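So this block is upload08.txt, compact mmCIF, C-alpha atoms and all ligand atoms:
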# COMPACT_ATOMS: atom_id res chain seq x y z
CA MET A 1086 0.00 0.00 0.00
CA LYS A 1087 1.24 3.49 -0.91
CA THR A 1088 0.35 6.54 1.19
CA LEU A 1089 0.27 10.08 -0.23
CA ASN A 1090 -0.31 13.00 2.09
CA ILE A 1091 -2.25 16.04 0.95
CA ASP A 1092 -0.82 18.91 2.95
CA LEU A 1093 -3.53 21.49 3.65
CA ASP A 1094 -2.78 22.63 7.21
CA ASP A 1095 -5.55 21.41 9.53
CA ARG A 1096 -7.39 19.93 6.53
CA SER A 1097 -4.53 17.59 5.59
CA TYR A 1098 -5.27 13.94 4.89
CA ASP A 1099 -3.82 10.73 3.51
CA ILE A 1100 -4.70 8.98 0.30
CA LEU A 1101 -4.09 5.24 0.62
CA ILE A 1102 -3.64 3.32 -2.63
CA GLY A 1103 -3.42 -0.46 -2.91
CA THR A 1104 -5.24 -3.73 -3.39
CA GLY A 1105 -7.48 -5.48 -0.87
CA LEU A 1106 -8.05 -2.21 1.00
CA ILE A 1107 -11.82 -2.61 1.44
CA GLU A 1108 -11.03 -5.75 3.47
CA GLN A 1109 -8.83 -3.58 5.72
CA ALA A 1110 -11.16 -0.58 5.75
CA GLY A 1111 -12.12 -0.95 9.43
CA ARG A 1112 -8.55 -0.44 10.58
CA LEU A 1113 -7.83 2.20 7.91
CA ILE A 1114 -10.87 4.22 8.98
CA ALA A 1115 -10.23 3.81 12.71
CA GLU A 1116 -6.69 5.16 12.23
CA ALA A 1117 -8.14 8.43 10.91
CA VAL A 1118 -11.35 9.04 12.91
CA PHE A 1119 -13.14 7.96 16.11
CA PRO A 1120 -16.76 8.15 14.97
CA SER A 1121 -19.86 7.88 17.14
CA GLN A 1122 -21.47 5.98 14.26
CA VAL A 1123 -20.80 5.20 10.59
CA VAL A 1124 -23.20 5.79 7.69
CA VAL A 1125 -22.21 4.46 4.28
CA LEU A 1126 -23.71 6.06 1.16
CA THR A 1127 -23.63 4.02 -2.03
CA HIS A 1128 -25.57 2.72 -5.03
CA PRO A 1129 -27.45 -0.62 -4.77
CA THR A 1130 -25.14 -2.23 -7.39
CA ILE A 1131 -22.03 -1.25 -5.49
CA LYS A 1132 -23.54 -2.41 -2.21
CA SER A 1133 -24.23 -5.80 -3.78
CA LEU A 1134 -20.60 -6.00 -4.95
CA TYR A 1135 -18.76 -4.64 -1.92
CA GLY A 1136 -21.30 -4.24 0.93
CA ASP A 1137 -20.57 -7.52 2.72
CA LYS A 1138 -16.80 -6.96 2.52
CA LEU A 1139 -17.10 -3.47 3.97
CA ASP A 1140 -19.54 -4.60 6.69
CA SER A 1141 -17.20 -7.34 7.80
CA ALA A 1142 -14.12 -5.05 7.65
CA LEU A 1143 -15.89 -2.49 9.85
CA SER A 1144 -17.02 -5.17 12.29
CA THR A 1145 -13.35 -5.97 13.05
CA VAL A 1146 -13.12 -2.59 14.80
CA GLY A 1147 -16.59 -2.78 16.35
CA MET A 1148 -18.31 -0.54 13.82
CA LYS A 1149 -21.74 -1.51 12.49
CA PRO A 1150 -22.68 0.92 9.73
CA ASN A 1151 -26.06 2.11 8.59
CA TRP A 1152 -26.43 2.13 4.81
CA ILE A 1153 -28.13 4.74 2.65
CA GLU A 1154 -28.74 3.56 -0.91
CA ILE A 1155 -28.86 6.20 -3.64
CA PRO A 1156 -30.21 5.60 -7.17
CA GLU A 1157 -27.50 5.55 -9.85
CA GLY A 1158 -26.90 8.43 -12.21
CA GLU A 1159 -26.09 12.11 -12.35
CA SER A 1160 -29.69 13.02 -11.43
CA SER A 1161 -28.95 11.86 -7.87
CA LYS A 1162 -26.61 14.83 -7.46
CA SER A 1163 -29.60 17.02 -6.57
CA LEU A 1164 -30.89 19.09 -3.68
CA THR A 1165 -33.91 16.75 -3.55
CA GLN A 1166 -31.67 13.74 -3.04
CA ALA A 1167 -29.60 15.65 -0.48
CA ALA A 1168 -32.82 16.53 1.40
CA ASP A 1169 -33.80 12.83 1.54
CA ILE A 1170 -30.38 12.06 2.98
CA PHE A 1171 -30.77 14.82 5.60
CA ASP A 1172 -34.06 13.18 6.67
CA ARG A 1173 -32.28 9.84 7.09
CA LEU A 1174 -29.40 11.41 9.01
CA PHE A 1175 -31.94 13.02 11.34
CA GLU A 1176 -33.74 9.68 11.88
CA LEU A 1177 -30.37 8.06 12.61
CA ASN A 1178 -29.57 10.75 15.21
CA CYS A 1179 -26.38 11.66 13.39
CA ASP A 1180 -24.32 13.94 15.56
CA ARG A 1181 -21.17 15.87 14.71
CA LYS A 1182 -19.00 12.82 15.34
CA SER A 1183 -20.92 10.63 12.91
CA LEU A 1184 -18.82 9.56 9.95
CA LEU A 1185 -20.14 9.48 6.38
CA VAL A 1186 -18.42 7.05 4.03
CA ALA A 1187 -18.78 7.53 0.26
CA LEU A 1188 -18.51 4.14 -1.44
CA GLY A 1189 -18.83 4.68 -5.18
CA GLY A 1190 -17.87 6.90 -8.09
CA GLY A 1191 -17.94 10.67 -8.45
CA VAL A 1192 -21.73 10.90 -8.08
CA ILE A 1193 -21.64 9.28 -4.63
CA GLY A 1194 -18.45 11.14 -3.66
CA ASP A 1195 -19.67 14.60 -4.68
CA LEU A 1196 -23.11 14.09 -3.08
CA THR A 1197 -21.78 12.59 0.16
CA GLY A 1198 -19.14 15.31 0.43
CA PHE A 1199 -21.79 17.99 -0.05
CA VAL A 1200 -24.05 16.46 2.62
CA ALA A 1201 -21.06 16.08 4.96
CA ALA A 1202 -20.09 19.73 4.40
CA VAL A 1203 -23.48 21.13 5.40
CA TRP A 1204 -25.19 18.70 7.83
CA LEU A 1205 -24.66 20.13 11.33
CA ARG A 1206 -22.19 22.50 9.60
CA GLY A 1207 -19.79 19.68 8.90
CA LEU A 1208 -19.37 15.96 9.53
CA PRO A 1209 -16.21 13.96 8.94
CA PHE A 1210 -16.29 11.93 5.73
CA ILE A 1211 -14.15 9.33 4.04
CA GLN A 1212 -13.99 8.56 0.34
CA ILE A 1213 -13.74 4.98 -0.94
CA PRO A 1214 -13.79 5.71 -4.69
CA THR A 1215 -14.68 2.79 -6.95
CA THR A 1216 -14.45 4.21 -10.50
CA LEU A 1217 -11.18 5.14 -12.17
CA LEU A 1218 -12.39 8.72 -12.57
CA SER A 1219 -13.15 9.02 -8.88
CA GLN A 1220 -9.85 7.38 -7.88
CA VAL A 1221 -7.72 9.73 -10.00
CA ASP A 1222 -9.80 12.87 -9.78
CA SER A 1223 -13.05 13.47 -7.90
CA SER A 1224 -12.15 11.88 -4.53
CA VAL A 1225 -9.07 14.09 -4.21
CA GLY A 1226 -9.14 17.82 -3.57
CA GLY A 1227 -12.38 18.47 -1.73
CA LYS A 1228 -14.69 19.71 -4.45
CA THR A 1229 -18.19 18.63 -3.42
CA ALA A 1230 -21.44 19.56 -5.13
CA VAL A 1231 -24.94 18.87 -6.31
CA ASN A 1232 -26.40 20.14 -9.58
CA HIS A 1233 -28.87 22.96 -10.24
CA PRO A 1234 -31.38 22.55 -13.10
CA GLN A 1235 -29.46 25.33 -14.88
CA GLY A 1236 -26.04 23.72 -14.58
CA LYS A 1237 -23.80 21.04 -13.16
CA ASN A 1238 -22.07 21.41 -9.78
CA LEU A 1239 -23.47 24.90 -9.18
CA ILE A 1240 -24.29 24.23 -5.50
CA GLY A 1241 -21.32 23.06 -3.50
CA ALA A 1242 -18.45 23.61 -1.14
CA PHE A 1243 -14.76 22.94 -0.86
CA TYR A 1244 -14.72 20.36 1.91
CA GLN A 1245 -11.87 17.91 2.37
CA PRO A 1246 -12.32 14.27 3.41
CA GLN A 1247 -10.58 12.76 6.44
CA ARG A 1248 -9.01 10.06 4.30
CA VAL A 1249 -9.25 8.57 0.80
CA ILE A 1250 -9.03 4.77 0.56
CA ILE A 1251 -8.41 3.62 -3.00
CA ASP A 1252 -8.85 -0.12 -3.48
CA LEU A 1253 -7.60 -0.87 -7.00
CA ASP A 1254 -9.44 -4.21 -6.94
CA THR A 1255 -12.75 -2.37 -7.39
CA LEU A 1256 -11.74 -1.46 -10.96
CA LYS A 1257 -12.15 -5.11 -11.96
CA THR A 1258 -15.96 -4.81 -11.84
CA LEU A 1259 -16.13 -1.42 -13.56
CA PRO A 1260 -17.76 -1.35 -17.03
CA GLU A 1261 -15.13 -0.90 -19.78
CA ASN A 1262 -16.50 2.43 -21.06
CA GLU A 1263 -16.32 3.88 -17.53
CA PHE A 1264 -12.73 2.66 -17.20
CA LYS A 1265 -11.69 4.28 -20.48
CA ALA A 1266 -13.44 7.52 -19.57
CA GLY A 1267 -11.32 7.67 -16.41
CA LEU A 1268 -8.20 7.29 -18.55
CA ALA A 1269 -8.91 10.67 -20.17
CA GLU A 1270 -8.25 12.42 -16.84
CA VAL A 1271 -5.11 10.31 -16.42
CA VAL A 1272 -3.78 11.53 -19.79
CA LYS A 1273 -4.63 15.07 -18.68
CA TYR A 1274 -2.15 14.81 -15.78
CA GLY A 1275 0.62 13.89 -18.22
CA ILE A 1276 -0.23 16.88 -20.41
CA ILE A 1277 -0.45 19.45 -17.64
CA GLU A 1278 2.44 18.41 -15.38
CA ASP A 1279 4.35 15.24 -16.13
CA PRO A 1280 5.96 14.49 -19.53
CA ASP A 1281 7.58 11.25 -18.28
CA PHE A 1282 4.16 10.00 -17.22
CA PHE A 1283 2.80 10.88 -20.68
CA ASP A 1284 5.66 8.81 -22.23
CA PHE A 1285 4.78 5.95 -19.88
CA LEU A 1286 1.15 6.05 -21.01
CA GLU A 1287 2.21 6.08 -24.68
CA ASN A 1288 4.51 3.09 -24.16
CA ASN A 1289 2.11 0.97 -22.11
CA SER A 1290 -1.33 1.47 -23.64
CA ALA A 1291 -1.99 -2.25 -24.19
CA ALA A 1292 -1.04 -3.13 -20.60
CA ILE A 1293 -3.15 -0.25 -19.31
CA LEU A 1294 -6.20 -1.41 -21.26
CA ALA A 1295 -5.62 -4.90 -19.85
CA GLN A 1296 -5.53 -3.32 -16.36
CA ASP A 1297 -2.07 -4.69 -15.63
CA PRO A 1298 -1.77 -4.32 -11.81
CA ALA A 1299 1.64 -2.57 -11.83
CA CYS A 1300 0.45 -0.12 -14.49
CA MET A 1301 -2.75 0.63 -12.59
CA GLU A 1302 -0.82 1.26 -9.40
CA ARG A 1303 1.50 3.71 -11.17
CA ILE A 1304 -1.38 5.42 -12.96
CA VAL A 1305 -3.45 6.02 -9.84
CA GLN A 1306 -0.46 7.00 -7.69
CA THR A 1307 0.92 9.48 -10.22
CA SER A 1308 -2.49 10.97 -10.96
CA CYS A 1309 -3.26 11.50 -7.27
CA ALA A 1310 0.22 12.93 -6.70
CA VAL A 1311 -0.13 15.44 -9.54
CA LYS A 1312 -3.64 16.45 -8.49
CA GLY A 1313 -2.60 16.65 -4.83
CA GLN A 1314 0.29 19.00 -5.63
CA VAL A 1315 -1.98 21.29 -7.61
CA VAL A 1316 -4.59 21.33 -4.83
CA GLU A 1317 -1.92 22.03 -2.20
CA LYS A 1318 -0.88 25.15 -4.15
CA ASP A 1319 -4.42 26.43 -4.70
CA GLU A 1320 -7.11 24.60 -2.72
CA THR A 1321 -10.02 26.87 -3.67
CA GLU A 1322 -9.15 27.41 -7.32
CA SER A 1323 -8.22 31.07 -7.22
CA ASN A 1324 -5.87 30.50 -10.16
CA HIS A 1325 -3.39 27.60 -10.47
CA ARG A 1326 -5.97 24.83 -9.83
CA MET A 1327 -7.64 25.85 -13.08
CA ILE A 1328 -4.98 23.89 -14.97
CA LEU A 1329 -6.93 20.78 -13.92
CA ASN A 1330 -9.58 21.97 -16.34
CA TYR A 1331 -7.38 21.36 -19.39
CA GLY A 1332 -9.72 20.05 -22.13
CA HIS A 1333 -12.79 20.75 -20.01
CA THR A 1334 -13.87 24.04 -21.64
CA ILE A 1335 -14.77 22.35 -24.93
CA GLY A 1336 -15.58 19.08 -23.11
CA HIS A 1337 -18.27 20.71 -20.97
CA ALA A 1338 -19.81 22.35 -24.04
CA VAL A 1339 -19.92 18.99 -25.85
CA GLU A 1340 -21.58 17.35 -22.84
CA ALA A 1341 -24.15 20.14 -22.48
CA LEU A 1342 -25.00 20.34 -26.19
CA THR A 1343 -25.46 16.57 -26.39
CA HIS A 1344 -27.73 16.74 -23.30
CA TYR A 1345 -25.37 14.67 -21.13
CA THR A 1346 -26.53 11.51 -22.91
CA ASP A 1347 -24.08 10.84 -25.77
CA TYR A 1348 -20.78 11.07 -23.92
CA LEU A 1349 -19.38 10.16 -20.54
CA HIS A 1350 -17.54 13.11 -18.96
CA GLY A 1351 -14.09 11.66 -19.72
CA GLU A 1352 -15.02 10.99 -23.34
CA ALA A 1353 -16.06 14.62 -23.84
CA VAL A 1354 -12.85 15.76 -22.09
CA ALA A 1355 -10.80 13.59 -24.47
CA ILE A 1356 -12.30 15.44 -27.44
CA GLY A 1357 -11.78 18.76 -25.65
CA MET A 1358 -8.10 18.02 -24.97
CA VAL A 1359 -7.38 17.44 -28.67
CA TYR A 1360 -9.09 20.65 -29.78
CA ALA A 1361 -7.47 22.65 -26.96
CA ALA A 1362 -4.09 21.43 -28.21
CA ARG A 1363 -4.94 22.37 -31.81
CA LEU A 1364 -6.01 25.82 -30.61
CA SER A 1365 -2.73 26.14 -28.69
CA CYS A 1366 -0.87 25.28 -31.87
CA ASN A 1367 -2.85 27.76 -34.02
CA LEU A 1368 -2.09 30.48 -31.47
CA GLY A 1369 1.63 29.71 -31.76
CA LYS A 1370 1.92 28.23 -28.26
CA CYS A 1371 3.10 24.74 -29.21
CA ASP A 1372 4.38 22.87 -32.23
CA PRO A 1373 2.04 20.68 -34.34
CA GLY A 1374 3.52 17.51 -32.87
CA VAL A 1375 1.76 18.21 -29.55
CA PRO A 1376 -1.87 17.85 -30.72
CA THR A 1377 -0.82 14.89 -32.88
CA ARG A 1378 0.70 13.05 -29.89
CA ILE A 1379 -2.27 13.79 -27.64
CA GLN A 1380 -4.76 12.58 -30.23
CA ALA A 1381 -2.74 9.41 -30.95
CA LEU A 1382 -2.51 8.48 -27.26
CA LEU A 1383 -6.21 9.04 -26.62
CA GLU A 1384 -7.09 6.94 -29.67
CA LYS A 1385 -4.79 4.13 -28.49
CA LEU A 1386 -6.69 4.18 -25.22
CA GLY A 1387 -10.00 3.82 -27.04
CA LEU A 1388 -11.26 7.36 -26.46
CA PRO A 1389 -13.08 9.61 -28.95
CA THR A 1390 -11.11 12.55 -30.38
CA THR A 1391 -13.44 14.06 -32.98
CA LEU A 1392 -16.21 16.55 -32.34
CA PRO A 1393 -19.72 15.35 -33.09
CA LYS A 1394 -21.75 17.36 -35.62
CA LEU A 1395 -22.37 20.53 -33.62
CA ASP A 1396 -22.58 24.16 -34.70
CA PRO A 1397 -19.26 25.89 -33.74
CA ASP A 1398 -21.23 29.05 -32.86
CA GLU A 1399 -23.31 27.05 -30.39
CA ILE A 1400 -20.19 25.50 -28.86
CA VAL A 1401 -18.65 28.93 -28.31
CA GLU A 1402 -21.95 30.28 -26.95
CA SER A 1403 -22.17 27.34 -24.53
CA MET A 1404 -18.62 28.06 -23.29
CA THR A 1405 -19.58 31.58 -22.30
CA HIS A 1406 -22.20 30.03 -19.96
CA ASP A 1407 -19.68 27.69 -18.33
CA LYS A 1408 -19.45 28.44 -14.59
CA LYS A 1409 -15.72 29.02 -15.03
CA ALA A 1410 -16.31 31.82 -17.56
CA VAL A 1411 -15.96 35.28 -16.03
CA GLN A 1412 -17.98 38.15 -17.55
CA LYS A 1413 -18.65 35.91 -20.55
CA LYS A 1414 -14.91 35.72 -21.32
CA ILE A 1415 -13.84 32.22 -22.19
CA ARG A 1416 -11.10 30.86 -19.97
CA PHE A 1417 -8.86 28.37 -21.66
CA ILE A 1418 -5.95 26.20 -20.63
CA LEU A 1419 -3.42 26.08 -23.46
CA VAL A 1420 -0.58 23.57 -23.77
CA THR A 1421 2.91 24.81 -24.64
CA GLN A 1422 4.60 21.41 -24.56
CA ILE A 1423 3.69 18.03 -23.10
CA GLY A 1424 3.92 18.66 -19.34
CA THR A 1425 3.38 22.43 -19.40
CA VAL A 1426 0.20 24.47 -19.71
CA GLU A 1427 -0.82 28.12 -19.36
CA ILE A 1428 -4.07 29.74 -18.25
CA HIS A 1429 -5.58 32.25 -20.71
CA ASN A 1430 -8.59 34.38 -19.94
CA ASP A 1431 -9.45 35.99 -23.22
CA ILE A 1432 -9.27 33.68 -26.20
CA PRO A 1433 -10.50 35.39 -29.39
CA PRO A 1434 -13.78 33.64 -30.34
CA HIS A 1435 -12.84 33.65 -34.05
CA GLU A 1436 -9.70 31.57 -33.29
CA LEU A 1437 -11.83 29.10 -31.38
CA LYS A 1438 -14.38 28.85 -34.16
CA LYS A 1439 -11.59 28.28 -36.70
CA VAL A 1440 -10.39 25.23 -34.75
CA LEU A 1441 -13.91 23.91 -34.21
CA GLN A 1442 -14.87 24.40 -37.86
CA ALA A 1443 -11.84 22.45 -39.07
CA GLY A 1444 -13.67 19.41 -37.58
P1 LIG B 1501 -20.51 7.58 -11.44
O1 LIG B 1501 -20.27 7.90 -10.04
O2 LIG B 1501 -21.86 7.88 -12.00
O3 LIG B 1501 -20.21 6.03 -11.67
C1 LIG B 1501 -20.39 5.49 -12.97
C2 LIG B 1501 -21.13 4.17 -12.93
O4 LIG B 1501 -20.25 3.15 -12.48
C3 LIG B 1501 -22.32 4.13 -11.99
O5 LIG B 1501 -23.36 3.47 -12.65
C4 LIG B 1501 -21.82 3.32 -10.80
O6 LIG B 1501 -22.82 2.62 -10.14
C5 LIG B 1501 -20.87 2.37 -11.47
N1 LIG B 1501 -19.79 1.87 -10.63
C6 LIG B 1501 -19.01 2.60 -9.80
N2 LIG B 1501 -18.03 1.87 -9.31
C7 LIG B 1501 -18.20 0.61 -9.79
C8 LIG B 1501 -17.49 -0.59 -9.66
N3 LIG B 1501 -16.36 -0.66 -8.96
N4 LIG B 1501 -17.97 -1.70 -10.28
C9 LIG B 1501 -19.08 -1.61 -11.05
N5 LIG B 1501 -19.78 -0.48 -11.25
C10 LIG B 1501 -19.34 0.61 -10.63
O7 LIG B 1501 -19.46 8.29 -12.43
P2 LIG B 1501 -17.99 8.85 -12.19
O8 LIG B 1501 -17.44 8.98 -13.55
O9 LIG B 1501 -17.25 8.09 -11.18
O10 LIG B 1501 -18.26 10.29 -11.58
C11 LIG B 1501 -18.89 11.30 -12.33
C12 LIG B 1501 -19.20 12.45 -11.40
O11 LIG B 1501 -18.00 12.94 -10.84
C13 LIG B 1501 -19.88 13.64 -12.07
O12 LIG B 1501 -20.99 14.02 -11.32
C14 LIG B 1501 -18.82 14.73 -12.05
O13 LIG B 1501 -19.38 16.02 -11.97
C15 LIG B 1501 -18.05 14.36 -10.81
N6 LIG B 1501 -16.66 14.86 -10.77
C16 LIG B 1501 -16.27 15.50 -9.65
C17 LIG B 1501 -14.98 15.97 -9.55
C18 LIG B 1501 -14.53 16.62 -8.27
O14 LIG B 1501 -13.40 17.16 -8.23
N7 LIG B 1501 -15.32 16.58 -7.22
C19 LIG B 1501 -14.07 15.77 -10.59
C20 LIG B 1501 -14.50 15.11 -11.72
C21 LIG B 1501 -15.81 14.65 -11.81
N1 LIG B 1502 -11.66 18.24 -11.29
C1 LIG B 1502 -11.04 19.51 -11.22
C2 LIG B 1502 -10.70 19.93 -9.83
O1 LIG B 1502 -10.81 19.18 -8.89
O2 LIG B 1502 -10.31 21.04 -9.64
Please rewrite the model in this file as C-alpha cells.
Ligand code: NAD
Ligand code: GLY
Amino acid sequence: MKTLNIDLDDRSYDILIGTGLIEQAGRLIAEAVFPSQVVVLTHPTIKSLYGDKLDSALSTVGMKPNWIEIPEGESSKSLTQAADIFDRLFELNCDRKSLLVALGGGVIGDLTGFVAAVWLRGLPFIQIPTTLLSQVDSSVGGKTAVNHPQGKNLIGAFYQPQRVIIDLDTLKTLPENEFKAGLAEVVKYGIIEDPDFFDFLENNSAAILAQDPACMERIVQTSCAVKGQVVEKDETESNHRMILNYGHTIGHAVEALTHYTDYLHGEAVAIGMVYAARLSCNLGKCDPGVPTRIQALLEKLGLPTTLPKLDPDEIVESMTHDKKAVQKKIRFILVTQIGTVEIHNDIPPHELKKVLQAG
C-alpha cells in the first residue's frame, strides 16, 4: 500500500492506494477518525458487490454501519436527493462525530461530500472511490457539489475528506467504457504536469487497457500525486488549480450540447483536450507535434477525439455560460509542450471557431 499525504494545514489527509483495502477498511478508517457511528452512502449495485466486505471489515473494529442507498446516475446529485439524505441522518440521530463514508464513483463522492459539508455545519467523511475517474480525480481535492437545473455542480463547497481509501481491486468490476473515460483524466495529468508519465502512457497502452496491476498502481499514484500537488498550491481554485480543467472548456460544451446523454464526462474531455491542443498550436503556443501526440494516445486508449456534428457558434456560446467563464470571457488552458500548460482568460472567439470548424 502506498500513502500520499495532501498537505492542507488542519485539513490535511492521507490517500491510501493499494489492493485489498476494502477488506482492511475498518482499521484504515479507525486510524483516521473515532466516529460515534458510521453511515455508508452508495448505489445498490455497489452495495451488492462490496457491501458484505465493507460490513465485515468495519465489524473488526466494532463498527456496524447504517447504509443509505442512492439511485444511480447524475440526477442523484440534486438538492432533492440531499434533502432525503438529511431526513435519514436526522432519523439516525447523526451527531457531529458521525462519519459518512462515500462508497462509489464521483456521483456518490460529490453528493456525500456535499451532505457532509453542510449537515450540522460539517461531519467527517471518508472517500472509498470505486471508479477510475473518482480514484484519479473526484475523490481528491475536496470539491463537493450537487447540480442545479441550470447547470452542473453549481451548488457546492470545498470540503476535504478525512481520508481517501483507493482499493484498486474495485476497478475489476467497472464497465469498460467507464474505465476508459477515467483514462482521459489520467492523460490530462501527463499533459499538464508530467511528460515522463505521458511517455509511460504512450509506451504501455496495451497493458493499461488490460488493467495490468503494476500499471494501474502507477497510474493512480501518479495521478493522485499530480492532483494533490496542484490542490496544495491552490485549494479553492483562485488560479493555479484551473490547470486541472485542461480540455474541459470544450468538453463541458460537448456534454451540455449533447444533453449529457451521448458522452461520458471523460469521453467529452478527451475530445476537448485534442481541440485545446490544436487551438494552442494555431495560437503559436506549441508545435504541431503536440496535438498529434495527444490525439494518438487518446485513440490508443480507445477514447473519442473528434467533435460530433455541432454548430461551432453554439459550442462557443455554450462556453460563455460555463461556470468558469468570467464576464462571458472564455477561460482556456493552453498547452505549450507536453507537461506544461498556461491559463488564458481571453481567447478570441474567431480563433476558437476556426479550430472547431476544421472538424
Ligand atoms: P458515477 O459515479 O456515475 O459512476 C459510474 C457508474 O459506475 C455508476 O453506474 C456506478 O454505479 C458504477 N460503478 C461505480 N463503481 C463501480 C465498480 N467498482 N464496479 C461496477 N460499477 C461501478 O461516475 P464517475 O465517472 O465516477 O463520476 C462522475 C461524477 O464525478 C460527475 O458528477 C462529475 O461532476 C463528478 N466529478 C467531480 C470531480 C470533483 O473534483 N469533485 C471531478 C471530476 C468529476
Ligand atoms: N476536477 C477539477 C478539480 O478538482 O479542480
Counting all atoms listed in the file, what are the residues of chain A within 7 Å of ligand LIG 1502 (chain B), and for each of them which pair of atoms is the nearest and at what distance in Å, to one decimal? Sort the table by chain and rising number, as CSV.
residue,atom,partner,partner_atom,distance
A:Asp1222,CA,B:LIG1502,N1,5.9
A:Ser1223,CA,B:LIG1502,N1,6.0
A:Gly1226,CA,B:LIG1502,O1,5.7
A:Lys1228,CA,B:LIG1502,O1,5.9
A:Glu1322,CA,B:LIG1502,O2,6.9
A:Arg1326,CA,B:LIG1502,O2,5.8
A:Met1327,CA,B:LIG1502,O2,6.5
A:Leu1329,CA,B:LIG1502,C1,5.1
A:Asn1330,CA,B:LIG1502,C1,5.9
Please identify all protein, DNA and RNA residues within 6 Å of ligand LIG 1501 (chain B), counting all atoms listed in the file, and report them as a PyMOL selection string.
chain A and resi 1128+1157-1159+1189-1193+1195+1215-1216+1218-1219+1222-1223+1228-1229+1255-1256+1258-1259
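The nearest approach to Val1125 (chain A) among the residues A:Glu1108, A:Gly1103, A:Thr1088, A:Val1186, with all atoms listed in the file taken into account, belongs to A:Val1186.
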Hey, can you pull every residue with an atom no more than 12 Å from (-31.3, 15.1, 4.4), using all atoms listed in the file, and send it as a PyMOL selection string?
chain A and resi 1153+1163-1179+1196-1197+1199-1201+1203-1205
Residues from the last selection, C-alpha atoms, saved as a PDB file, in the frame of the given file:
ATOM      1  CA  ILE A1153     -28.130   4.740   2.650  1.00  0.00           C
ATOM      2  CA  SER A1163     -29.600  17.020  -6.570  1.00  0.00           C
ATOM      3  CA  LEU A1164     -30.890  19.090  -3.680  1.00  0.00           C
ATOM      4  CA  THR A1165     -33.910  16.750  -3.550  1.00  0.00           C
ATOM      5  CA  GLN A1166     -31.670  13.740  -3.040  1.00  0.00           C
ATOM      6  CA  ALA A1167     -29.600  15.650  -0.480  1.00  0.00           C
ATOM      7  CA  ALA A1168     -32.820  16.530   1.400  1.00  0.00           C
ATOM      8  CA  ASP A1169     -33.800  12.830   1.540  1.00  0.00           C
ATOM      9  CA  ILE A1170     -30.380  12.060   2.980  1.00  0.00           C
ATOM     10  CA  PHE A1171     -30.770  14.820   5.600  1.00  0.00           C
ATOM     11  CA  ASP A1172     -34.060  13.180   6.670  1.00  0.00           C
ATOM     12  CA  ARG A1173     -32.280   9.840   7.090  1.00  0.00           C
ATOM     13  CA  LEU A1174     -29.400  11.410   9.010  1.00  0.00           C
ATOM     14  CA  PHE A1175     -31.940  13.020  11.340  1.00  0.00           C
ATOM     15  CA  GLU A1176     -33.740   9.680  11.880  1.00  0.00           C
ATOM     16  CA  LEU A1177     -30.370   8.060  12.610  1.00  0.00           C
ATOM     17  CA  ASN A1178     -29.570  10.750  15.210  1.00  0.00           C
ATOM     18  CA  CYS A1179     -26.380  11.660  13.390  1.00  0.00           C
ATOM     19  CA  LEU A1196     -23.110  14.090  -3.080  1.00  0.00           C
ATOM     20  CA  THR A1197     -21.780  12.590   0.160  1.00  0.00           C
ATOM     21  CA  PHE A1199     -21.790  17.990  -0.050  1.00  0.00           C
ATOM     22  CA  VAL A1200     -24.050  16.460   2.620  1.00  0.00           C
ATOM     23  CA  ALA A1201     -21.060  16.080   4.960  1.00  0.00           C
ATOM     24  CA  VAL A1203     -23.480  21.130   5.400  1.00  0.00           C
ATOM     25  CA  TRP A1204     -25.190  18.700   7.830  1.00  0.00           C
ATOM     26  CA  LEU A1205     -24.660  20.130  11.330  1.00  0.00           C
TER      27      LEU A1205
END
Counting all atoms listed in the file, what is within 9 Å of Thr1307 (chain A), bar same-chain residues fewer than 2 positions away, as an mmCIF file with C-alpha atoms, keeping the file's coordinate frame?
data_model
loop_
_atom_site.group_PDB
_atom_site.id
_atom_site.type_symbol
_atom_site.label_atom_id
_atom_site.label_comp_id
_atom_site.auth_asym_id
_atom_site.auth_seq_id
_atom_site.Cartn_x
_atom_site.Cartn_y
_atom_site.Cartn_z
ATOM 1 C CA VAL A 1221 -7.720 9.730 -10.000
ATOM 2 C CA VAL A 1271 -5.110 10.310 -16.420
ATOM 3 C CA TYR A 1274 -2.150 14.810 -15.780
ATOM 4 C CA ASP A 1279 4.350 15.240 -16.130
ATOM 5 C CA PHE A 1282 4.160 10.000 -17.220
ATOM 6 C CA GLU A 1302 -0.820 1.260 -9.400
ATOM 7 C CA ARG A 1303 1.500 3.710 -11.170
ATOM 8 C CA ILE A 1304 -1.380 5.420 -12.960
ATOM 9 C CA VAL A 1305 -3.450 6.020 -9.840
ATOM 10 C CA CYS A 1309 -3.260 11.500 -7.270
ATOM 11 C CA ALA A 1310 0.220 12.930 -6.700
ATOM 12 C CA VAL A 1311 -0.130 15.440 -9.540
ATOM 13 C CA LYS A 1312 -3.640 16.450 -8.490
#
Could you list, as a list in words, every residue within 10 Å of region 1431-1435 of chain A, counting all atoms listed in the file and ignoring same-chain residues fewer than 5 positions away?
Leu1364, Leu1368, Asp1398, Val1401, Glu1402, Ala1410, Val1411, Lys1413, Lys1414, Ile1415, Arg1416, Phe1417, Ile1418, Leu1419, Val1440 and Leu1441 of chain A
Minimum-distance residue to Gly1387 (chain A), chosen among A:Ile1276, A:Ile1423, A:Cys1371, A:Leu1268 (using all atoms listed in the file):
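Answer, going by the shortest atom-to-atom distance: A:Leu1268.
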Which residue of A:Leu1286, A:Leu1188, A:Ala1110, A:Ala1295 approaches Leu1134 (chain A) most closely, using all atoms listed in the file:
A:Leu1188
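The closest residue to Thr1343 (chain A), picked from A:Thr1425, A:Ser1403, A:Gln1306, A:Asn1289 and counting all atoms listed in the file, is A:Ser1403.
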Nearest candidate to Thr1145 (chain A) (options A:Leu1113, A:Leu1388, A:Ile1211, A:Ala1230; using all atoms listed in the file):
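Among the listed residues, the smallest separation from Thr1145 (chain A) belongs to A:Leu1113.
Reported to one decimal place, the separation of CA of Val1316 (chain A) from CA of Asp1092 (chain A) is 9.0 Å.
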Hey, which of A:Glu1427, A:Glu1116, A:Glu1340, A:Glu1154 ends up closest to Lys1237 (chain A)? Count all atoms listed in the file.
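Between A:Glu1427, A:Glu1116, A:Glu1340, A:Glu1154, the residue approaching Lys1237 (chain A) most closely is A:Glu1340.
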Excluding region 1104-1107 of chain A and any residue of its chain fewer than 6 positions from it, enumerate the residues within 7 Å of it, using only C-alpha atoms, and give them as a list in words.
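Using only C-alpha atoms, the neighbours found are Lys1138, Leu1139, Asp1252, Leu1253 and Asp1254 of chain A.
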